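Participant: Pasting structure25.pdb here (PDB, C-alpha atoms):
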ATOM      1  CA  MET A 173      92.647 -11.417-139.718
ATOM      2  CA  ASP A 174      89.738 -13.793-140.102
ATOM      3  CA  VAL A 175      88.572 -16.463-137.695
ATOM      4  CA  ILE A 176      90.506 -19.723-138.150
ATOM      5  CA  ARG A 177      88.622 -23.006-137.911
ATOM      6  CA  GLY A 178      90.147 -26.441-137.922
ATOM      7  CA  LYS A 179      89.407 -30.090-137.368
ATOM      8  CA  ALA A 180      91.602 -33.137-136.961
ATOM      9  CA  PRO A 181      90.540 -36.799-137.022
ATOM     10  CA  LEU A 182      90.599 -39.053-133.985
ATOM     11  CA  ARG A 183      92.108 -42.521-134.246
ATOM     12  CA  ILE A 184      91.744 -46.009-132.918
ATOM     13  CA  SER A 185      94.642 -48.379-132.348
ATOM     14  CA  PHE A 186      94.443 -52.034-133.198
ATOM     15  CA  ALA A 187      97.806 -53.058-131.750
ATOM     16  CA  GLY A 188     100.939 -51.683-130.151
ATOM     17  CA  GLY A 189      99.376 -48.829-128.218
ATOM     18  CA  GLY A 190     101.920 -47.386-125.809
ATOM     19  CA  THR A 191     104.950 -48.917-127.527
ATOM     20  CA  ASP A 192     105.504 -45.593-129.307
ATOM     21  CA  LEU A 193     105.983 -43.703-126.021
ATOM     22  CA  GLU A 194     109.234 -42.925-124.228
ATOM     23  CA  PRO A 195     111.147 -44.579-122.707
ATOM     24  CA  TYR A 196     109.832 -47.838-124.152
ATOM     25  CA  SER A 197     110.205 -46.781-127.783
ATOM     26  CA  SER A 198     113.860 -45.737-127.468
ATOM     27  CA  GLU A 199     114.776 -48.823-125.437
ATOM     28  CA  GLN A 200     112.744 -51.488-127.243
ATOM     29  CA  GLY A 201     111.458 -49.870-130.426
ATOM     30  CA  GLY A 202     107.797 -49.295-131.007
ATOM     31  CA  VAL A 203     105.232 -50.066-133.639
ATOM     32  CA  THR A 204     101.545 -49.284-133.615
ATOM     33  CA  LEU A 205      98.738 -50.111-136.006
ATOM     34  CA  SER A 206      96.187 -47.301-135.988
ATOM     35  CA  THR A 207      93.683 -45.671-138.281
ATOM     36  CA  THR A 208      91.719 -42.457-138.251
ATOM     37  CA  ILE A 209      87.946 -42.523-137.868
ATOM     38  CA  ASP A 210      85.090 -40.187-138.711
ATOM     39  CA  LYS A 211      85.175 -38.451-135.323
ATOM     40  CA  TYR A 212      87.065 -35.202-134.862
ATOM     41  CA  ALA A 213      88.540 -32.557-132.614
ATOM     42  CA  PHE A 214      87.341 -29.086-133.642
ATOM     43  CA  GLY A 215      88.911 -25.729-132.988
ATOM     44  CA  THR A 216      88.083 -22.080-133.499
ATOM     45  CA  LEU A 217      90.745 -19.402-133.136
ATOM     46  CA  ILE A 218      89.450 -15.842-132.951
ATOM     47  CA  PRO A 219      92.083 -13.105-133.269
ATOM     48  CA  ARG A 220      91.895 -10.405-130.590
ATOM     49  CA  SER A 221      92.897  -6.756-130.711
ATOM     50  CA  ASP A 222      94.222  -6.865-127.135
ATOM     51  CA  ASP A 223      96.987  -8.902-125.466
ATOM     52  CA  SER A 224      94.664 -11.533-123.989
ATOM     53  CA  ILE A 225      94.976 -15.247-124.617
ATOM     54  CA  ILE A 226      91.764 -17.059-123.739
ATOM     55  CA  ILE A 227      91.540 -20.839-124.026
ATOM     56  CA  GLU A 228      88.206 -22.618-123.636
ATOM     57  CA  SER A 229      87.670 -26.375-123.547
ATOM     58  CA  MET A 230      84.065 -27.333-124.139
ATOM     59  CA  ASP A 231      84.833 -30.944-123.121
ATOM     60  CA  PHE A 232      86.361 -30.091-119.749
ATOM     61  CA  GLY A 233      84.149 -27.059-119.137
ATOM     62  CA  GLN A 234      87.276 -25.029-118.401
ATOM     63  CA  SER A 235      88.453 -21.606-119.474
ATOM     64  CA  VAL A 236      91.721 -19.799-118.753
ATOM     65  CA  LYS A 237      92.888 -16.281-119.520
ATOM     66  CA  TYR A 238      96.435 -14.966-119.734
ATOM     67  CA  ASN A 239      98.417 -12.103-121.202
ATOM     68  CA  THR A 240     100.578 -12.644-124.281
ATOM     69  CA  LYS A 241     103.624 -11.728-122.210
ATOM     70  CA  ASP A 242     102.892 -14.502-119.683
ATOM     71  CA  TYR A 243     104.428 -17.946-119.628
ATOM     72  CA  LEU A 244     101.304 -20.092-119.375
ATOM     73  CA  PRO A 245     101.695 -22.230-116.231
ATOM     74  CA  LEU A 246     101.507 -25.986-116.626
ATOM     75  CA  ASP A 247      99.345 -26.503-113.563
ATOM     76  CA  GLY A 248      96.965 -29.284-114.560
ATOM     77  CA  THR A 249      94.430 -27.092-116.373
ATOM     78  CA  LEU A 250      94.512 -27.460-120.180
ATOM     79  CA  ASP A 251      98.257 -28.111-120.045
ATOM     80  CA  LEU A 252      98.676 -29.638-123.522
ATOM     81  CA  ILE A 253      97.151 -26.593-125.155
ATOM     82  CA  LYS A 254      99.125 -24.205-122.954
ATOM     83  CA  ALA A 255     102.350 -26.092-123.752
ATOM     84  CA  VAL A 256     101.740 -25.531-127.475
ATOM     85  CA  VAL A 257     101.107 -21.827-126.868
ATOM     86  CA  ASN A 258     104.292 -21.595-124.802
ATOM     87  CA  ARG A 259     106.286 -23.387-127.516
ATOM     88  CA  LEU A 260     105.024 -21.233-130.381
ATOM     89  CA  ALA A 261     104.934 -17.962-128.373
ATOM     90  CA  PRO A 262     102.462 -16.150-130.612
ATOM     91  CA  GLY A 263     102.977 -12.701-129.028
ATOM     92  CA  LYS A 264      99.487 -11.558-130.012
ATOM     93  CA  GLY A 265      96.065 -12.117-128.521
ATOM     94  CA  PHE A 266      93.475 -14.704-129.460
ATOM     95  CA  THR A 267      90.595 -16.741-128.141
ATOM     96  CA  LEU A 268      90.848 -20.491-128.749
ATOM     97  CA  ILE A 269      87.837 -22.775-128.367
ATOM     98  CA  ILE A 270      88.322 -26.555-128.524
ATOM     99  CA  GLU A 271      85.730 -29.338-128.640
ATOM    100  CA  CYS A 272      86.097 -33.047-129.366
ATOM    101  CA  ASP A 273      83.688 -35.751-130.542
ATOM    102  CA  ALA A 274      85.204 -38.226-128.042
ATOM    103  CA  PRO A 275      85.303 -37.561-124.313
ATOM    104  CA  PRO A 276      88.757 -37.285-122.703
ATOM    105  CA  GLY A 277      90.228 -40.580-121.564
ATOM    106  CA  THR A 278      88.583 -42.793-124.200
ATOM    107  CA  GLY A 279      91.895 -43.938-125.691
ATOM    108  CA  MET A 280      91.021 -42.535-129.114
ATOM    109  CA  GLY A 281      94.047 -40.260-129.260
ATOM    110  CA  SER A 282      92.136 -37.106-128.412
ATOM    111  CA  SER A 283      95.129 -35.577-126.587
ATOM    112  CA  GLY A 284      97.440 -35.963-129.557
ATOM    113  CA  THR A 285      94.708 -34.920-131.972
ATOM    114  CA  VAL A 286      93.978 -31.730-130.040
ATOM    115  CA  THR A 287      97.700 -30.980-129.804
ATOM    116  CA  VAL A 288      98.180 -31.274-133.581
ATOM    117  CA  LEU A 289      95.012 -29.239-134.174
ATOM    118  CA  VAL A 290      96.216 -26.400-131.925
ATOM    119  CA  ILE A 291      99.699 -26.439-133.500
ATOM    120  CA  GLY A 292      98.152 -26.167-136.961
ATOM    121  CA  MET A 293      95.773 -23.372-136.007
ATOM    122  CA  LEU A 294      98.466 -21.323-134.264
ATOM    123  CA  LEU A 295     100.864 -21.767-137.189
ATOM    124  CA  GLU A 296      98.128 -20.516-139.517
ATOM    125  CA  TYR A 297      97.490 -17.545-137.204
ATOM    126  CA  LEU A 298     101.190 -16.710-137.182
ATOM    127  CA  GLY A 299     101.577 -17.178-140.935
ATOM    128  CA  LYS A 300     104.158 -19.925-140.439
ATOM    129  CA  HIS A 301     104.278 -23.152-142.379
ATOM    130  CA  LEU A 302     105.814 -26.437-141.244
ATOM    131  CA  SER A 303     105.755 -29.802-142.958
ATOM    132  CA  PRO A 304     103.648 -32.598-141.463
ATOM    133  CA  TYR A 305     106.901 -34.203-140.274
ATOM    134  CA  GLU A 306     108.019 -31.007-138.517
ATOM    135  CA  ILE A 307     104.621 -30.749-136.822
ATOM    136  CA  ALA A 308     104.775 -34.402-135.734
ATOM    137  CA  ASP A 309     108.301 -33.895-134.417
ATOM    138  CA  MET A 310     107.160 -30.870-132.413
TER     139      MET A 310
END
Take the structure from the file and write it as structure tokens.

Facilitator:
Amino acid sequence: MDVIRGKAPLRISFAGGGTDLEPYSSEQGGVTLSTTIDKYAFGTLIPRSDDSIIIESMDFGQSVKYNTKDYLPLDGTLDLIKAVVNRLAPGKGFTLIIECDAPPGTGMGSSGTVTVLVIGMLLEYLGKHLSPYEIADM
């Protein structure tokens, strides 16, 4: 299989930020006004011939390595990415490299953007297809 590359746009919110998060949204309802911008999260997924899963974050300067049979521990290191891997359980090895135009913590939605990017890349790697709504729900 070939290398998979992806990018997803970052966003800025004009109003309502945080009202779309639980428990506020289920108790009070939530509405946000956001738009994407010309800054992106980028990913490269390189298939491996062994059972290793390697995740590298250029922004955090962190790298982790696991076996495909492992449950990736949510221990504070690259947890959003590891949660996606746990959820999709690829069962085959890969190296995943992530980099973002905006530094973490800027409020530009980089966490959500990276999550959607990783979901999309892993689905492509696994040959699975979900609608945008199914991906958003995940």

Participant: If we count only C-alpha atoms, what is near Lys254 in chain A at a cut-off of 6 Å, once residues fewer than 3 positions away on the same chain are taken out, given as a list in words?

Facilitator: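 Non-adjacent residues within range: Leu244, Asp251 and Val257 of chain A.
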
Participant: With distances taken over all atoms listed in the file, which residue among A:Asp174, A:Asp247, A:Asp242, A:Asp210 lies nearest Glu296 in chain A?

Facilitator: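 Closest residue, counting all atoms listed in the file: A:Asp174.
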
Participant: Could you list the residues chosen by the PyMOL selection byres ((chain A and resi 260-271) around 6) in this structure as a list of chain:residue names?

Facilitator: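 When the PyMOL selection byres ((chain A and resi 260-271) around 6) is applied to the shown file, the picked residues are A:Ala213, A:Phe214, A:Gly215, A:Thr216, A:Leu217, A:Ile218, A:Pro219, A:Arg220, A:Asp222, A:Asp223, A:Ser224, A:Ile225, A:Ile226, A:Ile227, A:Glu228, A:Ser229, A:Met230, A:Asp231, A:Thr240, A:Val257, A:Asn258, A:Arg259, A:Cys272.
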
Participant: I'd like the neighbourhood of range 196-207 of chain A as a CSV table (one decimal) with C-alpha atoms, in the frame of the given file, where a residue qualifies if any of its atoms comes within 12 Å (using all atoms listed in the file), though same-chain residues fewer than 2 positions away should be ignored.

Facilitator:
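Listed below is the output, result_32.csv:
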chain,number,residue,atom,x,y,z
A,181,PRO,CA,90.5,-36.8,-137.0
A,182,LEU,CA,90.6,-39.1,-134.0
A,183,ARG,CA,92.1,-42.5,-134.2
A,184,ILE,CA,91.7,-46.0,-132.9
A,185,SER,CA,94.6,-48.4,-132.3
A,186,PHE,CA,94.4,-52.0,-133.2
A,187,ALA,CA,97.8,-53.1,-131.8
A,188,GLY,CA,100.9,-51.7,-130.2
A,189,GLY,CA,99.4,-48.8,-128.2
A,190,GLY,CA,101.9,-47.4,-125.8
A,191,THR,CA,105.0,-48.9,-127.5
A,192,ASP,CA,105.5,-45.6,-129.3
A,193,LEU,CA,106.0,-43.7,-126.0
A,194,GLU,CA,109.2,-42.9,-124.2
A,209,ILE,CA,87.9,-42.5,-137.9
A,210,ASP,CA,85.1,-40.2,-138.7
A,211,LYS,CA,85.2,-38.5,-135.3
A,279,GLY,CA,91.9,-43.9,-125.7
A,280,MET,CA,91.0,-42.5,-129.1
A,281,GLY,CA,94.0,-40.3,-129.3

Participant: Nearest to Glu306 in chain A: which of A:Gly178, A:Tyr238, A:Thr249, A:Val288 is it, counting all atoms listed in the file?

Facilitator: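 Going through A:Gly178, A:Tyr238, A:Thr249, A:Val288 one by one, the smallest distance to Glu306 in chain A is for A:Val288.
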
Participant: From the options A:Ala180, A:Ile307, A:Val236, A:Leu295, which residue's atoms come nearest to Ser282 in chain A, counting all atoms listed in the file?

Facilitator: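 That would be A:Ala180, the residue with the smallest distance to Ser282 in chain A.
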
Participant: What does the distance from CA of Val286 in chain A to CA of Pro195 in chain A come to in Å, to one decimal?

Facilitator: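 Those two atoms sit 22.7 Å apart.
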
Participant: For CA of Val175 in chain A and CA of Leu289 in chain A, determine how far apart the two atoms are, in Å to one decimal place.

Facilitator: 14.7 Å

Participant: Can you work out the spacing between CA of Ile291 in chain A and CA of Leu250 in chain A in Å, to one decimal?

Facilitator: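 Taking CA of Ile291 in chain A as the start and CA of Leu250 in chain A as the end point, the length is 14.3 Å.
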
Participant: Hey, what's within 10 Å of Leu252 in chain A if we count all atoms listed in the file and toss same-chain stuff fewer than 4 positions away? As a list of chain:residue names, please?

Facilitator: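 With the cut-off at 10 Å, the set is A:Leu246, A:Gly248, A:Val256, A:Val257, A:Asn258, A:Ser283, A:Gly284, A:Val286, A:Thr287, A:Val290.
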
Participant: If I only want range 204-225 of chain A, can you write it with N, CA, C and O atoms, as a PDB file, in the first residue's frame?

Facilitator:
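This went into selection-v4.pdb:
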ATOM      1  N   THR A 204     -22.554  27.452  17.640  1.00  0.00           N
ATOM      2  CA  THR A 204     -21.299  28.168  17.416  1.00  0.00           C
ATOM      3  C   THR A 204     -21.305  28.739  16.005  1.00  0.00           C
ATOM      4  O   THR A 204     -21.976  28.227  15.107  1.00  0.00           O
ATOM      5  N   LEU A 205     -20.553  29.799  15.826  1.00  0.00           N
ATOM      6  CA  LEU A 205     -20.353  30.388  14.508  1.00  0.00           C
ATOM      7  C   LEU A 205     -18.855  30.331  14.239  1.00  0.00           C
ATOM      8  O   LEU A 205     -18.073  31.028  14.880  1.00  0.00           O
ATOM      9  N   SER A 206     -18.472  29.444  13.329  1.00  0.00           N
ATOM     10  CA  SER A 206     -17.060  29.211  13.032  1.00  0.00           C
ATOM     11  C   SER A 206     -16.854  29.194  11.528  1.00  0.00           C
ATOM     12  O   SER A 206     -17.802  29.032  10.761  1.00  0.00           O
ATOM     13  N   THR A 207     -15.604  29.305  11.133  1.00  0.00           N
ATOM     14  CA  THR A 207     -15.244  29.144   9.733  1.00  0.00           C
ATOM     15  C   THR A 207     -13.850  28.548   9.645  1.00  0.00           C
ATOM     16  O   THR A 207     -13.049  28.697  10.577  1.00  0.00           O
ATOM     17  N   THR A 208     -13.590  27.845   8.571  1.00  0.00           N
ATOM     18  CA  THR A 208     -12.243  27.325   8.364  1.00  0.00           C
ATOM     19  C   THR A 208     -11.363  28.438   7.815  1.00  0.00           C
ATOM     20  O   THR A 208     -11.851  29.437   7.282  1.00  0.00           O
ATOM     21  N   ILE A 209     -10.055  28.256   7.981  1.00  0.00           N
ATOM     22  CA  ILE A 209      -9.079  29.230   7.503  1.00  0.00           C
ATOM     23  C   ILE A 209      -8.033  28.505   6.663  1.00  0.00           C
ATOM     24  O   ILE A 209      -8.067  27.284   6.527  1.00  0.00           O
ATOM     25  N   ASP A 210      -7.100  29.258   6.125  1.00  0.00           N
ATOM     26  CA  ASP A 210      -6.091  28.656   5.251  1.00  0.00           C
ATOM     27  C   ASP A 210      -4.854  28.182   6.013  1.00  0.00           C
ATOM     28  O   ASP A 210      -3.724  28.313   5.556  1.00  0.00           O
ATOM     29  N   LYS A 211      -5.086  27.605   7.173  1.00  0.00           N
ATOM     30  CA  LYS A 211      -4.050  26.946   7.971  1.00  0.00           C
ATOM     31  C   LYS A 211      -4.530  25.521   8.198  1.00  0.00           C
ATOM     32  O   LYS A 211      -5.731  25.274   8.313  1.00  0.00           O
ATOM     33  N   TYR A 212      -3.590  24.576   8.286  1.00  0.00           N
ATOM     34  CA  TYR A 212      -3.967  23.169   8.242  1.00  0.00           C
ATOM     35  C   TYR A 212      -3.219  22.311   9.258  1.00  0.00           C
ATOM     36  O   TYR A 212      -2.152  22.672   9.717  1.00  0.00           O
ATOM     37  N   ALA A 213      -3.802  21.154   9.517  1.00  0.00           N
ATOM     38  CA  ALA A 213      -3.103  20.037  10.156  1.00  0.00           C
ATOM     39  C   ALA A 213      -2.745  19.079   9.026  1.00  0.00           C
ATOM     40  O   ALA A 213      -3.563  18.834   8.139  1.00  0.00           O
ATOM     41  N   PHE A 214      -1.525  18.560   9.051  1.00  0.00           N
ATOM     42  CA  PHE A 214      -1.028  17.667   8.006  1.00  0.00           C
ATOM     43  C   PHE A 214      -0.678  16.322   8.609  1.00  0.00           C
ATOM     44  O   PHE A 214      -0.177  16.253   9.731  1.00  0.00           O
ATOM     45  N   GLY A 215      -0.911  15.279   7.853  1.00  0.00           N
ATOM     46  CA  GLY A 215      -0.564  13.946   8.324  1.00  0.00           C
ATOM     47  C   GLY A 215       0.034  13.102   7.218  1.00  0.00           C
ATOM     48  O   GLY A 215      -0.301  13.261   6.038  1.00  0.00           O
ATOM     49  N   THR A 216       0.918  12.218   7.628  1.00  0.00           N
ATOM     50  CA  THR A 216       1.495  11.214   6.726  1.00  0.00           C
ATOM     51  C   THR A 216       1.395   9.869   7.421  1.00  0.00           C
ATOM     52  O   THR A 216       1.857   9.724   8.560  1.00  0.00           O
ATOM     53  N   LEU A 217       0.772   8.908   6.770  1.00  0.00           N
ATOM     54  CA  LEU A 217       0.666   7.556   7.292  1.00  0.00           C
ATOM     55  C   LEU A 217       1.469   6.647   6.364  1.00  0.00           C
ATOM     56  O   LEU A 217       1.214   6.592   5.169  1.00  0.00           O
ATOM     57  N   ILE A 218       2.462   5.981   6.952  1.00  0.00           N
ATOM     58  CA  ILE A 218       3.341   5.098   6.200  1.00  0.00           C
ATOM     59  C   ILE A 218       3.069   3.663   6.648  1.00  0.00           C
ATOM     60  O   ILE A 218       3.316   3.318   7.809  1.00  0.00           O
ATOM     61  N   PRO A 219       2.530   2.837   5.756  1.00  0.00           N
ATOM     62  CA  PRO A 219       2.289   1.436   6.121  1.00  0.00           C
ATOM     63  C   PRO A 219       3.600   0.747   6.490  1.00  0.00           C
ATOM     64  O   PRO A 219       4.659   1.058   5.947  1.00  0.00           O
ATOM     65  N   ARG A 220       3.519  -0.187   7.436  1.00  0.00           N
ATOM     66  CA  ARG A 220       4.691  -0.943   7.876  1.00  0.00           C
ATOM     67  C   ARG A 220       4.454  -2.419   7.601  1.00  0.00           C
ATOM     68  O   ARG A 220       3.319  -2.884   7.580  1.00  0.00           O
ATOM     69  N   SER A 221       5.544  -3.157   7.454  1.00  0.00           N
ATOM     70  CA  SER A 221       5.431  -4.599   7.230  1.00  0.00           C
ATOM     71  C   SER A 221       5.495  -5.375   8.535  1.00  0.00           C
ATOM     72  O   SER A 221       5.329  -6.588   8.542  1.00  0.00           O
ATOM     73  N   ASP A 222       5.723  -4.667   9.658  1.00  0.00           N
ATOM     74  CA  ASP A 222       5.742  -5.331  10.962  1.00  0.00           C
ATOM     75  C   ASP A 222       4.506  -4.920  11.755  1.00  0.00           C
ATOM     76  O   ASP A 222       3.607  -4.259  11.237  1.00  0.00           O
ATOM     77  N   ASP A 223       4.447  -5.300  13.020  1.00  0.00           N
ATOM     78  CA  ASP A 223       3.288  -5.010  13.870  1.00  0.00           C
ATOM     79  C   ASP A 223       3.472  -3.759  14.724  1.00  0.00           C
ATOM     80  O   ASP A 223       2.798  -3.604  15.746  1.00  0.00           O
ATOM     81  N   SER A 224       4.355  -2.866  14.310  1.00  0.00           N
ATOM     82  CA  SER A 224       4.599  -1.649  15.087  1.00  0.00           C
ATOM     83  C   SER A 224       3.639  -0.536  14.685  1.00  0.00           C
ATOM     84  O   SER A 224       3.331  -0.351  13.511  1.00  0.00           O
ATOM     85  N   ILE A 225       3.198   0.201  15.693  1.00  0.00           N
ATOM     86  CA  ILE A 225       2.472   1.450  15.490  1.00  0.00           C
ATOM     87  C   ILE A 225       3.359   2.535  16.082  1.00  0.00           C
ATOM     88  O   ILE A 225       3.657   2.519  17.286  1.00  0.00           O
TER      89      ILE A 225
END
